[in-house]
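First comes the structure, then the notes that go with it.
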Amino acid sequence: MTDFARVGAAYDTHSNSGRGRLRHDLVFRRLLAELPDRPVRVLDVGCGTGEMTLRLAVAGHLVTAADSSDGMIAAAADRLSDRPELAARVRFLRADVEVLDVGGERFDLVCCHGVLMYLDEPVTAVARLAGMVAPGGVLSVLTKNRAATGFREALRGEYALARDLIESGTGVSVGHLGVRTRGDTADELDRLAGEHGLTPLPWQGVRVLNDHRPKEWVPEPDEYASVLEAEWAASTRDPYRQVAPLVHTLARRASDGNSR
């Protein structure tokens, strides 16, 4: 797995850009749509600098935030220190997704966002994550969309590179942080979730219409509001979601005791 201590500054810059905000806002809106109107137990695996951890804590949920990087956990804890009213709702764990051990605890929401793309394969991680989902709970996975490899490069005018990626069928390319990453498809992630007793929910394509924007893009509030609503409309509709650079899959464990 990539050592995110080396790319933490780039990660922060991207998260605060217009593209980064779209990712977080679209995913968070979808999570809220799937969660009950009461505090639940959340596991945020690969919490990074704590963006989703803090959003979920602000919404009233109890969050266990895990990351493999000491630097990322320190950054997330520093952000939390600015919100002392949230301290009782968040705990941190230093752990890699492939060896994460929570002592048999199960969660109403297990998030794994922006992690699988840095692993050699998704099978081991999805199996471990699915096992931590409580009855009635949801597994949320956000990762690179293998089906759209080459599309981002084409939108940027990098046609030779786009052609090479498309013709080779590779799922590996360089992401916004300057690191080579691999992709998965929604169908494959849904299949893996189903093999571990979860029922797939409709998946979401993230940042369909604005992935080509430069890293400096920070739209004015009115423009951003319009962009966000257009992205939300495209995120769950074909053919638009098929070409999104990121795929957000969700799957729910049955609450009747019949799940494995």
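Starting from 1 in every chain, residues are counted up; chains themselves are A, B, ... following the order of the structure tokens, and ligands are numbered from 1 as listed.
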Hey, what does DSSP flag as strand (DSSP E) within range 74-129 of chain A? Can you give it to me as a PyMOL selection string? chain A and resi 90-94+107-113
Contact table range 62-150 of chain A vs range 25-39 of chain A, cut-off 12 Å, shortest pair per residue, only C-alpha atoms, as a Markdown table:
```
| residue | atom | partner | partner_atom | distance |
| --- | --- | --- | --- | --- |
| A:Leu62 | CA | A:Pro39 | CA | 6.8 |
| A:Val63 | CA | A:Pro39 | CA | 10.0 |
| A:Arg89 | CA | A:Pro39 | CA | 9.9 |
| A:Phe107 | CA | A:Pro39 | CA | 11.6 |
| A:Asp108 | CA | A:Leu35 | CA | 8.4 |
| A:Leu109 | CA | A:Leu35 | CA | 8.0 |
| A:Val110 | CA | A:Leu31 | CA | 10.5 |
| A:Cys111 | CA | A:Leu31 | CA | 9.4 |
| A:Cys112 | CA | A:Val27 | CA | 11.4 |
| A:His113 | CA | A:Val27 | CA | 9.3 |
| A:Gly114 | CA | A:Val27 | CA | 11.5 |
| A:Gly136 | CA | A:Leu35 | CA | 10.0 |
| A:Gly137 | CA | A:Leu35 | CA | 8.6 |
| A:Val138 | CA | A:Glu34 | CA | 7.9 |
| A:Leu139 | CA | A:Leu31 | CA | 10.0 |
| A:Ser140 | CA | A:Leu31 | CA | 8.0 |
| A:Val141 | CA | A:Val27 | CA | 9.8 |
| A:Leu142 | CA | A:Val27 | CA | 8.3 |
| A:Thr143 | CA | A:Val27 | CA | 11.5 |
```
Any idea what's packed within 12 Å of Asp190 in chain A, counting only C-alpha atoms, ignoring anything in its chain fewer than 2 positions away? Could you give it as number ranges by chain? A: 122-123, 126-127, 130, 139-141, 184-188, 192-204, 247-252
Env of Val58 in chain A: 10 Å cut, atoms = only C-alpha atoms, seq-sep filter 4 positions within chain, self excluded. Answer as a list of chain:residue names.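 Listed by chain and then number, they are A:Met52, A:Thr53, A:Leu54, A:Leu62, A:Arg83, A:Glu85, A:Leu86, A:Arg89.
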Selected residues, N, CA and C atoms, written as a PDB file, in the first residue's frame, please.
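This is the output file selection36.pdb:
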```
ATOM      1  N   MET A  52     -14.492  12.660   5.951  1.00  0.00           N
ATOM      2  CA  MET A  52     -15.755  11.952   6.134  1.00  0.00           C
ATOM      3  C   MET A  52     -15.990  11.628   7.606  1.00  0.00           C
ATOM      4  N   THR A  53     -14.929  11.355   8.349  1.00  0.00           N
ATOM      5  CA  THR A  53     -15.062  11.115   9.783  1.00  0.00           C
ATOM      6  C   THR A  53     -15.741  12.293  10.464  1.00  0.00           C
ATOM      7  N   LEU A  54     -15.264  13.500  10.193  1.00  0.00           N
ATOM      8  CA  LEU A  54     -15.827  14.682  10.836  1.00  0.00           C
ATOM      9  C   LEU A  54     -17.248  14.949  10.365  1.00  0.00           C
ATOM     10  N   LEU A  62     -21.279   7.873  15.774  1.00  0.00           N
ATOM     11  CA  LEU A  62     -20.105   7.483  16.559  1.00  0.00           C
ATOM     12  C   LEU A  62     -19.119   6.814  15.615  1.00  0.00           C
ATOM     13  N   ARG A  83     -12.724  20.941  16.981  1.00  0.00           N
ATOM     14  CA  ARG A  83     -14.156  20.713  17.248  1.00  0.00           C
ATOM     15  C   ARG A  83     -14.291  19.873  18.517  1.00  0.00           C
ATOM     16  N   GLU A  85     -16.381  19.581  20.742  1.00  0.00           N
ATOM     17  CA  GLU A  85     -17.707  19.021  21.009  1.00  0.00           C
ATOM     18  C   GLU A  85     -17.900  17.661  20.334  1.00  0.00           C
ATOM     19  N   LEU A  86     -17.012  17.328  19.380  1.00  0.00           N
ATOM     20  CA  LEU A  86     -17.127  16.057  18.669  1.00  0.00           C
ATOM     21  C   LEU A  86     -16.217  14.977  19.241  1.00  0.00           C
ATOM     22  N   ARG A  89     -17.283  11.476  20.122  1.00  0.00           N
ATOM     23  CA  ARG A  89     -17.893  10.671  19.059  1.00  0.00           C
ATOM     24  C   ARG A  89     -16.863  10.017  18.148  1.00  0.00           C
TER      25      ARG A  89
END
```
Nearby residues (only C-alpha atoms) at most 8 Å from range 150-164 of chain A, same-chain spacing under 4 positions excluded, as a ChimeraX atom specification: /A:168,211-212,243,245
Nearest-residue call for Ser17 in chain A, choices A:Arg128, A:Lys215, A:Arg237, A:Arg253, using only C-alpha atoms: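 Answer, going by the shortest atom-to-atom distance: A:Lys215.
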Please identify all polymer residues within 12 Å of Glu229 in chain A, counting only C-alpha atoms, omitting same-chain residues fewer than 6 positions from it, and present them as a ChimeraX atom specification. /A:22,25-26,29,207-209,222-223,235
